[in-house]
$ cat data_37.txt   # compact mmCIF, N, CA and C atoms
# COMPACT_ATOMS: atom_id res chain seq x y z
N MET Z 30 8.31 -19.15 -136.18
CA MET Z 30 7.90 -19.81 -137.39
C MET Z 30 6.46 -20.32 -137.22
N ASN Z 31 5.54 -19.66 -137.87
CA ASN Z 31 4.14 -20.03 -137.74
C ASN Z 31 3.68 -20.80 -138.97
N GLU Z 32 3.67 -22.10 -138.87
CA GLU Z 32 3.19 -22.93 -139.96
C GLU Z 32 2.02 -23.76 -139.46
N LYS Z 33 1.07 -23.98 -140.36
CA LYS Z 33 -0.10 -24.77 -139.99
C LYS Z 33 0.30 -26.21 -139.68
N VAL Z 34 -0.35 -26.74 -138.65
CA VAL Z 34 -0.14 -28.13 -138.27
C VAL Z 34 -1.50 -28.78 -138.00
N TRP Z 35 -1.51 -30.09 -138.14
CA TRP Z 35 -2.63 -30.88 -137.62
C TRP Z 35 -2.33 -31.12 -136.16
N LEU Z 36 -3.29 -30.86 -135.30
CA LEU Z 36 -3.15 -31.14 -133.88
C LEU Z 36 -4.29 -32.10 -133.53
N VAL Z 37 -3.94 -33.22 -132.94
CA VAL Z 37 -4.97 -34.19 -132.55
C VAL Z 37 -4.95 -34.36 -131.04
N VAL Z 38 -6.16 -34.31 -130.47
CA VAL Z 38 -6.36 -34.59 -129.05
C VAL Z 38 -6.98 -35.98 -128.99
N GLN Z 39 -6.35 -36.87 -128.24
CA GLN Z 39 -6.82 -38.26 -128.18
C GLN Z 39 -7.24 -38.63 -126.76
N TYR Z 40 -8.40 -39.27 -126.68
CA TYR Z 40 -8.93 -39.80 -125.42
C TYR Z 40 -9.07 -41.32 -125.55
N PRO Z 41 -8.78 -42.08 -124.50
CA PRO Z 41 -9.04 -43.52 -124.54
C PRO Z 41 -10.54 -43.78 -124.37
N LEU Z 42 -11.00 -44.86 -124.98
CA LEU Z 42 -12.39 -45.30 -124.86
C LEU Z 42 -12.42 -46.73 -124.37
N LYS Z 43 -13.57 -47.14 -123.85
CA LYS Z 43 -13.73 -48.53 -123.41
C LYS Z 43 -14.30 -49.42 -124.50
N SER Z 44 -14.94 -48.81 -125.52
CA SER Z 44 -15.49 -49.58 -126.64
C SER Z 44 -15.35 -48.77 -127.92
N ALA Z 45 -15.57 -49.42 -129.06
CA ALA Z 45 -15.40 -48.76 -130.35
C ALA Z 45 -16.35 -47.58 -130.54
N LYS Z 46 -17.57 -47.71 -130.05
CA LYS Z 46 -18.55 -46.64 -130.25
C LYS Z 46 -18.57 -45.64 -129.10
N GLY Z 47 -17.96 -45.98 -127.99
CA GLY Z 47 -17.96 -45.09 -126.84
C GLY Z 47 -19.30 -45.12 -126.13
N SER Z 48 -19.40 -44.35 -125.06
CA SER Z 48 -20.61 -44.29 -124.25
C SER Z 48 -21.32 -42.96 -124.48
N LYS Z 49 -22.45 -42.78 -123.82
CA LYS Z 49 -23.15 -41.49 -123.89
C LYS Z 49 -22.25 -40.39 -123.33
N ARG Z 50 -21.51 -40.72 -122.31
CA ARG Z 50 -20.57 -39.75 -121.72
C ARG Z 50 -19.49 -39.37 -122.72
N ASP Z 51 -18.98 -40.34 -123.48
CA ASP Z 51 -17.98 -40.06 -124.50
C ASP Z 51 -18.55 -39.16 -125.59
N GLU Z 52 -19.79 -39.39 -125.97
CA GLU Z 52 -20.46 -38.56 -126.97
C GLU Z 52 -20.61 -37.13 -126.45
N TRP Z 53 -21.03 -37.00 -125.19
CA TRP Z 53 -21.14 -35.68 -124.58
C TRP Z 53 -19.78 -34.99 -124.56
N LEU Z 54 -18.73 -35.73 -124.20
CA LEU Z 54 -17.38 -35.19 -124.14
C LEU Z 54 -16.95 -34.70 -125.52
N ARG Z 55 -17.20 -35.49 -126.54
CA ARG Z 55 -16.84 -35.10 -127.92
C ARG Z 55 -17.51 -33.78 -128.29
N GLU Z 56 -18.80 -33.66 -127.99
CA GLU Z 56 -19.52 -32.44 -128.33
C GLU Z 56 -18.97 -31.23 -127.57
N LYS Z 57 -18.69 -31.39 -126.28
CA LYS Z 57 -18.19 -30.28 -125.47
C LYS Z 57 -16.76 -29.88 -125.86
N VAL Z 58 -15.91 -30.87 -126.08
CA VAL Z 58 -14.53 -30.56 -126.48
C VAL Z 58 -14.53 -29.84 -127.82
N THR Z 59 -15.34 -30.31 -128.76
CA THR Z 59 -15.44 -29.66 -130.07
C THR Z 59 -15.92 -28.22 -129.91
N GLU Z 60 -16.98 -28.03 -129.13
CA GLU Z 60 -17.55 -26.70 -128.91
C GLU Z 60 -16.52 -25.75 -128.31
N TYR Z 61 -15.89 -26.16 -127.21
CA TYR Z 61 -14.95 -25.28 -126.52
C TYR Z 61 -13.69 -25.02 -127.35
N LEU Z 62 -13.14 -26.04 -127.99
CA LEU Z 62 -11.93 -25.81 -128.78
C LEU Z 62 -12.21 -24.92 -129.98
N ASN Z 63 -13.35 -25.12 -130.65
CA ASN Z 63 -13.70 -24.22 -131.76
C ASN Z 63 -13.79 -22.78 -131.28
N LEU Z 64 -14.44 -22.57 -130.16
CA LEU Z 64 -14.62 -21.23 -129.61
C LEU Z 64 -13.28 -20.58 -129.25
N PHE Z 65 -12.46 -21.28 -128.48
CA PHE Z 65 -11.22 -20.68 -127.99
C PHE Z 65 -10.15 -20.59 -129.07
N LEU Z 66 -10.07 -21.55 -129.97
CA LEU Z 66 -9.11 -21.45 -131.08
C LEU Z 66 -9.47 -20.28 -131.99
N ALA Z 67 -10.76 -20.10 -132.26
CA ALA Z 67 -11.21 -18.98 -133.10
C ALA Z 67 -10.95 -17.65 -132.41
N ASP Z 68 -11.27 -17.56 -131.12
CA ASP Z 68 -11.03 -16.31 -130.38
C ASP Z 68 -9.56 -15.91 -130.40
N ALA Z 69 -8.68 -16.89 -130.34
CA ALA Z 69 -7.23 -16.62 -130.34
C ALA Z 69 -6.68 -16.53 -131.77
N GLU Z 70 -7.55 -16.69 -132.76
CA GLU Z 70 -7.16 -16.70 -134.17
C GLU Z 70 -6.06 -17.72 -134.44
N LEU Z 71 -6.24 -18.91 -133.85
CA LEU Z 71 -5.24 -19.97 -133.98
C LEU Z 71 -5.71 -21.15 -134.82
N GLY Z 72 -7.00 -21.27 -135.10
CA GLY Z 72 -7.43 -22.41 -135.89
C GLY Z 72 -8.84 -22.83 -135.60
N TYR Z 73 -9.12 -24.13 -135.87
CA TYR Z 73 -10.47 -24.67 -135.75
C TYR Z 73 -10.43 -26.19 -135.64
N VAL Z 74 -11.54 -26.76 -135.21
CA VAL Z 74 -11.70 -28.21 -135.16
C VAL Z 74 -12.14 -28.67 -136.54
N ASP Z 75 -11.46 -29.66 -137.08
CA ASP Z 75 -11.73 -30.13 -138.44
C ASP Z 75 -12.51 -31.43 -138.49
N GLY Z 76 -12.63 -32.15 -137.38
CA GLY Z 76 -13.38 -33.40 -137.39
C GLY Z 76 -12.91 -34.32 -136.28
N PHE Z 77 -13.45 -35.54 -136.31
CA PHE Z 77 -13.11 -36.51 -135.28
C PHE Z 77 -13.28 -37.92 -135.83
N ASP Z 78 -12.75 -38.88 -135.10
CA ASP Z 78 -13.07 -40.28 -135.36
C ASP Z 78 -13.03 -41.04 -134.04
N MET Z 79 -13.74 -42.15 -134.01
CA MET Z 79 -13.78 -43.02 -132.83
C MET Z 79 -13.61 -44.44 -133.34
N GLY Z 80 -12.83 -45.22 -132.62
CA GLY Z 80 -12.66 -46.61 -133.03
C GLY Z 80 -11.39 -47.21 -132.48
N LYS Z 81 -10.95 -48.27 -133.16
CA LYS Z 81 -9.76 -48.99 -132.72
C LYS Z 81 -8.51 -48.16 -132.91
N ASN Z 82 -7.58 -48.32 -131.99
CA ASN Z 82 -6.27 -47.70 -132.09
C ASN Z 82 -5.48 -48.48 -133.13
N MET Z 83 -4.84 -47.78 -134.06
CA MET Z 83 -4.10 -48.44 -135.14
C MET Z 83 -2.95 -49.30 -134.62
N ALA Z 84 -2.25 -48.81 -133.60
CA ALA Z 84 -1.09 -49.54 -133.06
C ALA Z 84 -1.50 -50.72 -132.20
N ASP Z 85 -2.65 -50.63 -131.56
CA ASP Z 85 -3.12 -51.70 -130.68
C ASP Z 85 -4.62 -51.89 -130.86
N PRO Z 86 -5.04 -52.77 -131.77
CA PRO Z 86 -6.46 -52.96 -132.07
C PRO Z 86 -7.31 -53.41 -130.87
N ALA Z 87 -6.68 -53.79 -129.77
CA ALA Z 87 -7.43 -54.16 -128.57
C ALA Z 87 -7.85 -52.92 -127.77
N LYS Z 88 -7.32 -51.75 -128.14
CA LYS Z 88 -7.66 -50.50 -127.47
C LYS Z 88 -8.48 -49.62 -128.40
N TYR Z 89 -9.32 -48.78 -127.78
CA TYR Z 89 -10.19 -47.89 -128.54
C TYR Z 89 -9.89 -46.45 -128.16
N VAL Z 90 -10.02 -45.55 -129.15
CA VAL Z 90 -9.71 -44.14 -128.92
C VAL Z 90 -10.71 -43.24 -129.63
N PHE Z 91 -10.77 -42.02 -129.14
CA PHE Z 91 -11.51 -40.94 -129.76
C PHE Z 91 -10.47 -39.89 -130.12
N ASN Z 92 -10.39 -39.51 -131.39
CA ASN Z 92 -9.44 -38.51 -131.87
C ASN Z 92 -10.20 -37.28 -132.35
N LEU Z 93 -9.79 -36.12 -131.89
CA LEU Z 93 -10.37 -34.86 -132.34
C LEU Z 93 -9.29 -34.10 -133.09
N PHE Z 94 -9.53 -33.82 -134.37
CA PHE Z 94 -8.53 -33.21 -135.24
C PHE Z 94 -8.75 -31.70 -135.35
N CYS Z 95 -7.68 -30.94 -135.15
CA CYS Z 95 -7.72 -29.48 -135.27
C CYS Z 95 -6.67 -29.04 -136.28
N VAL Z 96 -6.95 -27.94 -136.96
CA VAL Z 96 -5.95 -27.27 -137.78
C VAL Z 96 -5.54 -26.04 -136.98
N VAL Z 97 -4.23 -25.94 -136.70
CA VAL Z 97 -3.71 -24.87 -135.84
C VAL Z 97 -2.61 -24.13 -136.60
N THR Z 98 -2.63 -22.81 -136.52
CA THR Z 98 -1.66 -22.00 -137.27
C THR Z 98 -0.36 -21.75 -136.51
N ASP Z 99 -0.34 -21.99 -135.22
CA ASP Z 99 0.87 -21.77 -134.42
C ASP Z 99 0.93 -22.85 -133.34
N GLU Z 100 1.73 -23.87 -133.59
CA GLU Z 100 1.83 -25.00 -132.66
C GLU Z 100 2.26 -24.58 -131.26
N ALA Z 101 3.22 -23.67 -131.17
CA ALA Z 101 3.76 -23.25 -129.87
C ALA Z 101 2.69 -22.57 -129.01
N ARG Z 102 1.75 -21.91 -129.60
CA ARG Z 102 0.65 -21.28 -128.85
C ARG Z 102 -0.56 -22.19 -128.76
N GLY Z 103 -0.76 -23.02 -129.77
CA GLY Z 103 -1.95 -23.87 -129.83
C GLY Z 103 -1.99 -24.96 -128.79
N ILE Z 104 -0.88 -25.64 -128.56
CA ILE Z 104 -0.85 -26.74 -127.59
C ILE Z 104 -1.17 -26.25 -126.18
N PRO Z 105 -0.52 -25.19 -125.68
CA PRO Z 105 -0.87 -24.71 -124.34
C PRO Z 105 -2.33 -24.24 -124.24
N LEU Z 106 -2.85 -23.64 -125.31
CA LEU Z 106 -4.24 -23.19 -125.29
C LEU Z 106 -5.18 -24.38 -125.18
N VAL Z 107 -4.96 -25.42 -125.96
CA VAL Z 107 -5.80 -26.61 -125.91
C VAL Z 107 -5.74 -27.24 -124.52
N LYS Z 108 -4.55 -27.38 -123.97
CA LYS Z 108 -4.40 -27.95 -122.63
C LYS Z 108 -5.16 -27.13 -121.59
N ARG Z 109 -5.01 -25.81 -121.65
CA ARG Z 109 -5.66 -24.94 -120.68
C ARG Z 109 -7.19 -25.01 -120.79
N VAL Z 110 -7.72 -25.00 -122.01
CA VAL Z 110 -9.17 -25.07 -122.21
C VAL Z 110 -9.72 -26.38 -121.64
N LEU Z 111 -9.08 -27.50 -121.95
CA LEU Z 111 -9.56 -28.79 -121.47
C LEU Z 111 -9.47 -28.89 -119.95
N LYS Z 112 -8.41 -28.33 -119.37
CA LYS Z 112 -8.26 -28.36 -117.92
C LYS Z 112 -9.25 -27.42 -117.23
N ASP Z 113 -9.34 -26.19 -117.71
CA ASP Z 113 -10.21 -25.19 -117.08
C ASP Z 113 -11.68 -25.57 -117.15
N HIS Z 114 -12.07 -26.29 -118.19
CA HIS Z 114 -13.48 -26.66 -118.36
C HIS Z 114 -13.77 -28.11 -117.98
N ARG Z 115 -12.81 -28.70 -117.30
CA ARG Z 115 -12.96 -30.06 -116.75
C ARG Z 115 -13.43 -31.07 -117.80
N LEU Z 116 -12.70 -31.10 -118.91
CA LEU Z 116 -13.04 -32.01 -120.01
C LEU Z 116 -12.05 -33.17 -120.06
N ASP Z 117 -11.99 -33.91 -118.97
CA ASP Z 117 -11.15 -35.11 -118.84
C ASP Z 117 -9.70 -34.87 -119.25
N TYR Z 118 -9.17 -33.75 -118.81
CA TYR Z 118 -7.80 -33.35 -119.11
C TYR Z 118 -6.77 -34.40 -118.70
N THR Z 119 -7.05 -35.15 -117.65
CA THR Z 119 -6.08 -36.12 -117.13
C THR Z 119 -6.00 -37.39 -117.97
N ARG Z 120 -6.78 -37.48 -119.04
CA ARG Z 120 -6.78 -38.68 -119.88
C ARG Z 120 -6.22 -38.43 -121.28
N ILE Z 121 -5.86 -37.19 -121.61
CA ILE Z 121 -5.54 -36.85 -123.00
C ILE Z 121 -4.09 -37.12 -123.39
N THR Z 122 -3.92 -37.27 -124.70
CA THR Z 122 -2.62 -37.14 -125.33
C THR Z 122 -2.82 -36.16 -126.48
N ILE Z 123 -1.78 -35.42 -126.78
CA ILE Z 123 -1.81 -34.45 -127.87
C ILE Z 123 -0.62 -34.74 -128.78
N ALA Z 124 -0.88 -34.74 -130.08
CA ALA Z 124 0.18 -34.94 -131.06
C ALA Z 124 -0.03 -33.98 -132.23
N THR Z 125 1.05 -33.69 -132.94
CA THR Z 125 0.95 -32.81 -134.11
C THR Z 125 1.67 -33.42 -135.30
N MET Z 126 1.30 -32.89 -136.47
CA MET Z 126 1.92 -33.30 -137.72
C MET Z 126 1.85 -32.10 -138.67
N PRO Z 127 2.88 -31.87 -139.50
CA PRO Z 127 2.81 -30.76 -140.45
C PRO Z 127 1.55 -30.88 -141.32
N PHE Z 128 0.93 -29.75 -141.59
CA PHE Z 128 -0.32 -29.74 -142.36
C PHE Z 128 -0.09 -30.22 -143.78
N ASP Z 129 0.98 -29.76 -144.40
CA ASP Z 129 1.29 -30.17 -145.78
C ASP Z 129 2.45 -31.16 -145.77
N GLY Z 130 2.20 -32.34 -146.23
CA GLY Z 130 3.28 -33.30 -146.40
C GLY Z 130 3.63 -34.13 -145.18
N GLY Z 131 2.92 -33.98 -144.09
CA GLY Z 131 3.21 -34.78 -142.91
C GLY Z 131 2.68 -36.19 -143.07
N GLU Z 132 3.42 -37.15 -142.54
CA GLU Z 132 3.00 -38.54 -142.65
C GLU Z 132 2.73 -39.18 -141.29
N THR Z 133 3.40 -38.69 -140.25
CA THR Z 133 3.20 -39.27 -138.93
C THR Z 133 3.06 -38.17 -137.89
N TYR Z 134 2.29 -38.49 -136.88
CA TYR Z 134 2.10 -37.57 -135.76
C TYR Z 134 3.23 -37.74 -134.76
N THR Z 135 3.62 -36.63 -134.14
CA THR Z 135 4.64 -36.63 -133.10
C THR Z 135 3.97 -36.28 -131.78
N LEU Z 136 4.17 -37.12 -130.78
CA LEU Z 136 3.61 -36.88 -129.45
C LEU Z 136 4.18 -35.58 -128.87
N LYS Z 137 3.28 -34.71 -128.39
CA LYS Z 137 3.70 -33.45 -127.79
C LYS Z 137 3.34 -33.36 -126.32
N TYR Z 138 2.30 -34.10 -125.89
CA TYR Z 138 1.89 -34.07 -124.50
C TYR Z 138 1.12 -35.34 -124.17
N ALA Z 139 1.39 -35.89 -123.01
CA ALA Z 139 0.63 -37.03 -122.50
C ALA Z 139 0.34 -36.78 -121.03
N ALA Z 140 -0.93 -36.85 -120.66
CA ALA Z 140 -1.31 -36.63 -119.26
C ALA Z 140 -0.77 -37.73 -118.35
N LYS Z 141 -0.67 -38.95 -118.86
CA LYS Z 141 -0.16 -40.07 -118.06
C LYS Z 141 1.35 -40.17 -118.24
N LYS Z 142 2.03 -40.33 -117.14
CA LYS Z 142 3.48 -40.47 -117.16
C LYS Z 142 3.88 -41.78 -117.85
N GLY Z 143 5.00 -41.76 -118.52
CA GLY Z 143 5.52 -42.95 -119.16
C GLY Z 143 5.08 -43.14 -120.60
N VAL Z 144 4.14 -42.35 -121.10
CA VAL Z 144 3.71 -42.45 -122.50
C VAL Z 144 4.76 -41.77 -123.35
N THR Z 145 5.31 -42.51 -124.34
CA THR Z 145 6.38 -41.97 -125.16
C THR Z 145 6.09 -42.00 -126.65
N ASP Z 146 5.03 -42.70 -127.04
CA ASP Z 146 4.72 -42.74 -128.47
C ASP Z 146 3.23 -42.48 -128.70
N PHE Z 147 2.88 -42.23 -129.96
CA PHE Z 147 1.51 -41.87 -130.30
C PHE Z 147 1.11 -42.60 -131.57
N SER Z 148 -0.14 -43.06 -131.58
CA SER Z 148 -0.71 -43.67 -132.77
C SER Z 148 -2.19 -43.37 -132.81
N LEU Z 149 -2.70 -43.11 -134.01
CA LEU Z 149 -4.14 -42.93 -134.16
C LEU Z 149 -4.80 -44.26 -133.91
$ encode --input "data_37.txt" --output "structure tokens"
Amino acid sequence: MNEKVWLVVQYPLKSAKGSKRDEWLREKVTEYLNLFLADAELGYVDGFDMGKNMADPAKYVFNLFCVVTDEARGIPLVKRVLKDHRLDYTRITIATMPFDGGETYTLKYAAKKGVTDFSL
């Protein structure tokens, strides 16, 4: 069943605006995911945001939003690209939501053990 989903890759930040390193990371992750998702004909990066975490305003996050046509193939591809290109793979969480009519994201992967929920 190949249905479009929103896939978000989330990184923790130390501040609302992030650092120069965070900005570099955003640019590289966007570049590589656009390239590899397009090559696999799986989707594209649709945008990003940086700021406070909705569930915990004391924490800051960077979210990169992708539109993916096949969740089962898209998640492993995103994980592999981030790991192979050393783009802070050990800090990510990945969540998805149906493209049409979805209201909440469902956690699909967390690099840190013990993470069980997801919030933008």
$ closest_residue --input "data_37.txt" --among "Z:Val58, Z:Leu66, Z:Leu42, Z:Val37" --to "Tyr89 (chain Z)" --atoms "all atoms listed in the file"
Z:Leu42
$ closest_residue --input "data_37.txt" --among "Z:Cys95, Z:Leu54, Z:Val38, Z:Val90" --to "Tyr73 (chain Z)" --atoms "all atoms listed in the file"
Z:Cys95
$ closest_residue --input "data_37.txt" --among "Z:Glu100, Z:Glu60, Z:Asn82, Z:Arg109" --to "Thr135 (chain Z)" --atoms "only C-alpha atoms"
Z:Glu100
$ atom_distance --input "data_37.txt" --atom1 "atom N of Ala101 (chain Z)" --atom2 "atom N of Ile123 (chain Z)"
13.5 Å
$ closest_residue --input "data_37.txt" --among "Z:Ala45, Z:Gly72, Z:Asp113, Z:Glu56" --to "Lys88 (chain Z)" --atoms "only N, CA and C atoms"
Z:Ala45
$ closest_residue --input "data_37.txt" --among "Z:Lys33, Z:Arg115, Z:Arg55, Z:Lys49" --to "Leu93 (chain Z)" --atoms "only C-alpha atoms"
Z:Arg55
$ select_by_dssp --input "data_37.txt" --residues "region 35-140 of chain Z" --states "alpha helix (DSSP H)" --output "MDAnalysis selection string"
chainID Z and resid 49:68 100:113
$ closest_residue --input "data_37.txt" --among "Z:Asp117, Z:Met126, Z:Asp85, Z:Lys108" --to "Ser148 (chain Z)" --atoms "all atoms listed in the file"
Z:Asp85
$ axis_aligned_box --input "data_37.txt" --around "region 114-120 of chain Z" --padding-each-side "3 Å" --output "JSON"
{"center_x": -9.9, "center_y": -32.5, "center_z": -119.0, "size_x": 13.8, "size_y": 18.4, "size_z": 10.5}
$ atom_distance --input "data_37.txt" --atom1 "atom C of Met83 (chain Z)" --atom2 "atom C of Leu71 (chain Z)"
28.3 Å
$ residues_around --input "data_37.txt" --residues "region 128-134 of chain Z" --least-positions-apart "2" --cutoff "6 Å" --atoms "all atoms listed in the file" --output "PyMOL selection string"
chain Z and resi 33-35+124-126+136
$ atom_distance --input "data_37.txt" --atom1 "CA of Val107 (chain Z)" --atom2 "CA of Lys141 (chain Z)"
16.6 Å
$ build_atoms --input "data_37.txt" --residues "region 102-126 of chain Z" --atoms "N, CA, C and O atoms" --output "PDB file, keeping the file's coordinate frame"
ATOM      1  N   ARG Z 102       1.750 -21.910-129.600  1.00  0.00           N
ATOM      2  CA  ARG Z 102       0.650 -21.280-128.850  1.00  0.00           C
ATOM      3  C   ARG Z 102      -0.560 -22.190-128.760  1.00  0.00           C
ATOM      4  O   ARG Z 102      -1.328 -22.125-127.805  1.00  0.00           O
ATOM      5  N   GLY Z 103      -0.760 -23.020-129.770  1.00  0.00           N
ATOM      6  CA  GLY Z 103      -1.950 -23.870-129.830  1.00  0.00           C
ATOM      7  C   GLY Z 103      -1.990 -24.960-128.790  1.00  0.00           C
ATOM      8  O   GLY Z 103      -3.032 -25.198-128.163  1.00  0.00           O
ATOM      9  N   ILE Z 104      -0.880 -25.640-128.560  1.00  0.00           N
ATOM     10  CA  ILE Z 104      -0.850 -26.740-127.590  1.00  0.00           C
ATOM     11  C   ILE Z 104      -1.170 -26.250-126.180  1.00  0.00           C
ATOM     12  O   ILE Z 104      -2.054 -26.810-125.530  1.00  0.00           O
ATOM     13  N   PRO Z 105      -0.520 -25.190-125.680  1.00  0.00           N
ATOM     14  CA  PRO Z 105      -0.870 -24.710-124.340  1.00  0.00           C
ATOM     15  C   PRO Z 105      -2.330 -24.240-124.240  1.00  0.00           C
ATOM     16  O   PRO Z 105      -2.979 -24.445-123.216  1.00  0.00           O
ATOM     17  N   LEU Z 106      -2.850 -23.640-125.310  1.00  0.00           N
ATOM     18  CA  LEU Z 106      -4.240 -23.190-125.290  1.00  0.00           C
ATOM     19  C   LEU Z 106      -5.180 -24.380-125.180  1.00  0.00           C
ATOM     20  O   LEU Z 106      -6.099 -24.376-124.347  1.00  0.00           O
ATOM     21  N   VAL Z 107      -4.960 -25.420-125.960  1.00  0.00           N
ATOM     22  CA  VAL Z 107      -5.800 -26.610-125.910  1.00  0.00           C
ATOM     23  C   VAL Z 107      -5.740 -27.240-124.520  1.00  0.00           C
ATOM     24  O   VAL Z 107      -6.776 -27.569-123.926  1.00  0.00           O
ATOM     25  N   LYS Z 108      -4.550 -27.380-123.970  1.00  0.00           N
ATOM     26  CA  LYS Z 108      -4.400 -27.950-122.630  1.00  0.00           C
ATOM     27  C   LYS Z 108      -5.160 -27.130-121.590  1.00  0.00           C
ATOM     28  O   LYS Z 108      -5.862 -27.673-120.748  1.00  0.00           O
ATOM     29  N   ARG Z 109      -5.010 -25.810-121.650  1.00  0.00           N
ATOM     30  CA  ARG Z 109      -5.660 -24.940-120.680  1.00  0.00           C
ATOM     31  C   ARG Z 109      -7.190 -25.010-120.790  1.00  0.00           C
ATOM     32  O   ARG Z 109      -7.892 -25.108-119.785  1.00  0.00           O
ATOM     33  N   VAL Z 110      -7.720 -25.000-122.010  1.00  0.00           N
ATOM     34  CA  VAL Z 110      -9.170 -25.070-122.210  1.00  0.00           C
ATOM     35  C   VAL Z 110      -9.720 -26.380-121.640  1.00  0.00           C
ATOM     36  O   VAL Z 110     -10.727 -26.385-120.920  1.00  0.00           O
ATOM     37  N   LEU Z 111      -9.080 -27.500-121.950  1.00  0.00           N
ATOM     38  CA  LEU Z 111      -9.560 -28.790-121.470  1.00  0.00           C
ATOM     39  C   LEU Z 111      -9.470 -28.890-119.950  1.00  0.00           C
ATOM     40  O   LEU Z 111     -10.367 -29.431-119.299  1.00  0.00           O
ATOM     41  N   LYS Z 112      -8.410 -28.330-119.370  1.00  0.00           N
ATOM     42  CA  LYS Z 112      -8.260 -28.360-117.920  1.00  0.00           C
ATOM     43  C   LYS Z 112      -9.250 -27.420-117.230  1.00  0.00           C
ATOM     44  O   LYS Z 112      -9.944 -27.821-116.295  1.00  0.00           O
ATOM     45  N   ASP Z 113      -9.340 -26.190-117.710  1.00  0.00           N
ATOM     46  CA  ASP Z 113     -10.210 -25.190-117.080  1.00  0.00           C
ATOM     47  C   ASP Z 113     -11.680 -25.570-117.150  1.00  0.00           C
ATOM     48  O   ASP Z 113     -12.454 -25.219-116.262  1.00  0.00           O
ATOM     49  N   HIS Z 114     -12.070 -26.290-118.190  1.00  0.00           N
ATOM     50  CA  HIS Z 114     -13.480 -26.660-118.360  1.00  0.00           C
ATOM     51  C   HIS Z 114     -13.770 -28.110-117.980  1.00  0.00           C
ATOM     52  O   HIS Z 114     -14.829 -28.636-118.303  1.00  0.00           O
ATOM     53  N   ARG Z 115     -12.810 -28.700-117.300  1.00  0.00           N
ATOM     54  CA  ARG Z 115     -12.960 -30.060-116.750  1.00  0.00           C
ATOM     55  C   ARG Z 115     -13.430 -31.070-117.800  1.00  0.00           C
ATOM     56  O   ARG Z 115     -14.378 -31.825-117.587  1.00  0.00           O
ATOM     57  N   LEU Z 116     -12.700 -31.100-118.910  1.00  0.00           N
ATOM     58  CA  LEU Z 116     -13.040 -32.010-120.010  1.00  0.00           C
ATOM     59  C   LEU Z 116     -12.050 -33.170-120.060  1.00  0.00           C
ATOM     60  O   LEU Z 116     -11.380 -33.396-121.064  1.00  0.00           O
ATOM     61  N   ASP Z 117     -11.990 -33.910-118.970  1.00  0.00           N
ATOM     62  CA  ASP Z 117     -11.150 -35.110-118.840  1.00  0.00           C
ATOM     63  C   ASP Z 117      -9.700 -34.870-119.250  1.00  0.00           C
ATOM     64  O   ASP Z 117      -9.066 -35.687-119.902  1.00  0.00           O
ATOM     65  N   TYR Z 118      -9.170 -33.750-118.810  1.00  0.00           N
ATOM     66  CA  TYR Z 118      -7.800 -33.350-119.110  1.00  0.00           C
ATOM     67  C   TYR Z 118      -6.770 -34.400-118.700  1.00  0.00           C
ATOM     68  O   TYR Z 118      -5.742 -34.554-119.348  1.00  0.00           O
ATOM     69  N   THR Z 119      -7.050 -35.150-117.650  1.00  0.00           N
ATOM     70  CA  THR Z 119      -6.080 -36.120-117.130  1.00  0.00           C
ATOM     71  C   THR Z 119      -6.000 -37.390-117.970  1.00  0.00           C
ATOM     72  O   THR Z 119      -5.213 -38.286-117.659  1.00  0.00           O
ATOM     73  N   ARG Z 120      -6.780 -37.480-119.040  1.00  0.00           N
ATOM     74  CA  ARG Z 120      -6.780 -38.680-119.880  1.00  0.00           C
ATOM     75  C   ARG Z 120      -6.220 -38.430-121.280  1.00  0.00           C
ATOM     76  O   ARG Z 120      -6.105 -39.364-122.084  1.00  0.00           O
ATOM     77  N   ILE Z 121      -5.860 -37.190-121.610  1.00  0.00           N
ATOM     78  CA  ILE Z 121      -5.540 -36.850-123.000  1.00  0.00           C
ATOM     79  C   ILE Z 121      -4.090 -37.120-123.390  1.00  0.00           C
ATOM     80  O   ILE Z 121      -3.198 -37.187-122.557  1.00  0.00           O
ATOM     81  N   THR Z 122      -3.920 -37.270-124.700  1.00  0.00           N
ATOM     82  CA  THR Z 122      -2.620 -37.140-125.330  1.00  0.00           C
ATOM     83  C   THR Z 122      -2.820 -36.160-126.480  1.00  0.00           C
ATOM     84  O   THR Z 122      -3.899 -36.094-127.074  1.00  0.00           O
ATOM     85  N   ILE Z 123      -1.780 -35.420-126.780  1.00  0.00           N
ATOM     86  CA  ILE Z 123      -1.810 -34.450-127.870  1.00  0.00           C
ATOM     87  C   ILE Z 123      -0.620 -34.740-128.780  1.00  0.00           C
ATOM     88  O   ILE Z 123       0.500 -34.939-128.304  1.00  0.00           O
ATOM     89  N   ALA Z 124      -0.880 -34.740-130.080  1.00  0.00           N
ATOM     90  CA  ALA Z 124       0.180 -34.940-131.060  1.00  0.00           C
ATOM     91  C   ALA Z 124      -0.030 -33.980-132.230  1.00  0.00           C
ATOM     92  O   ALA Z 124      -1.143 -33.511-132.460  1.00  0.00           O
ATOM     93  N   THR Z 125       1.050 -33.690-132.940  1.00  0.00           N
ATOM     94  CA  THR Z 125       0.950 -32.810-134.110  1.00  0.00           C
ATOM     95  C   THR Z 125       1.670 -33.420-135.300  1.00  0.00           C
ATOM     96  O   THR Z 125       2.516 -34.311-135.161  1.00  0.00           O
ATOM     97  N   MET Z 126       1.300 -32.890-136.470  1.00  0.00           N
ATOM     98  CA  MET Z 126       1.920 -33.300-137.720  1.00  0.00           C
ATOM     99  C   MET Z 126       1.850 -32.100-138.670  1.00  0.00           C
ATOM    100  O   MET Z 126       0.853 -31.364-138.653  1.00  0.00           O
TER     101      MET Z 126
END
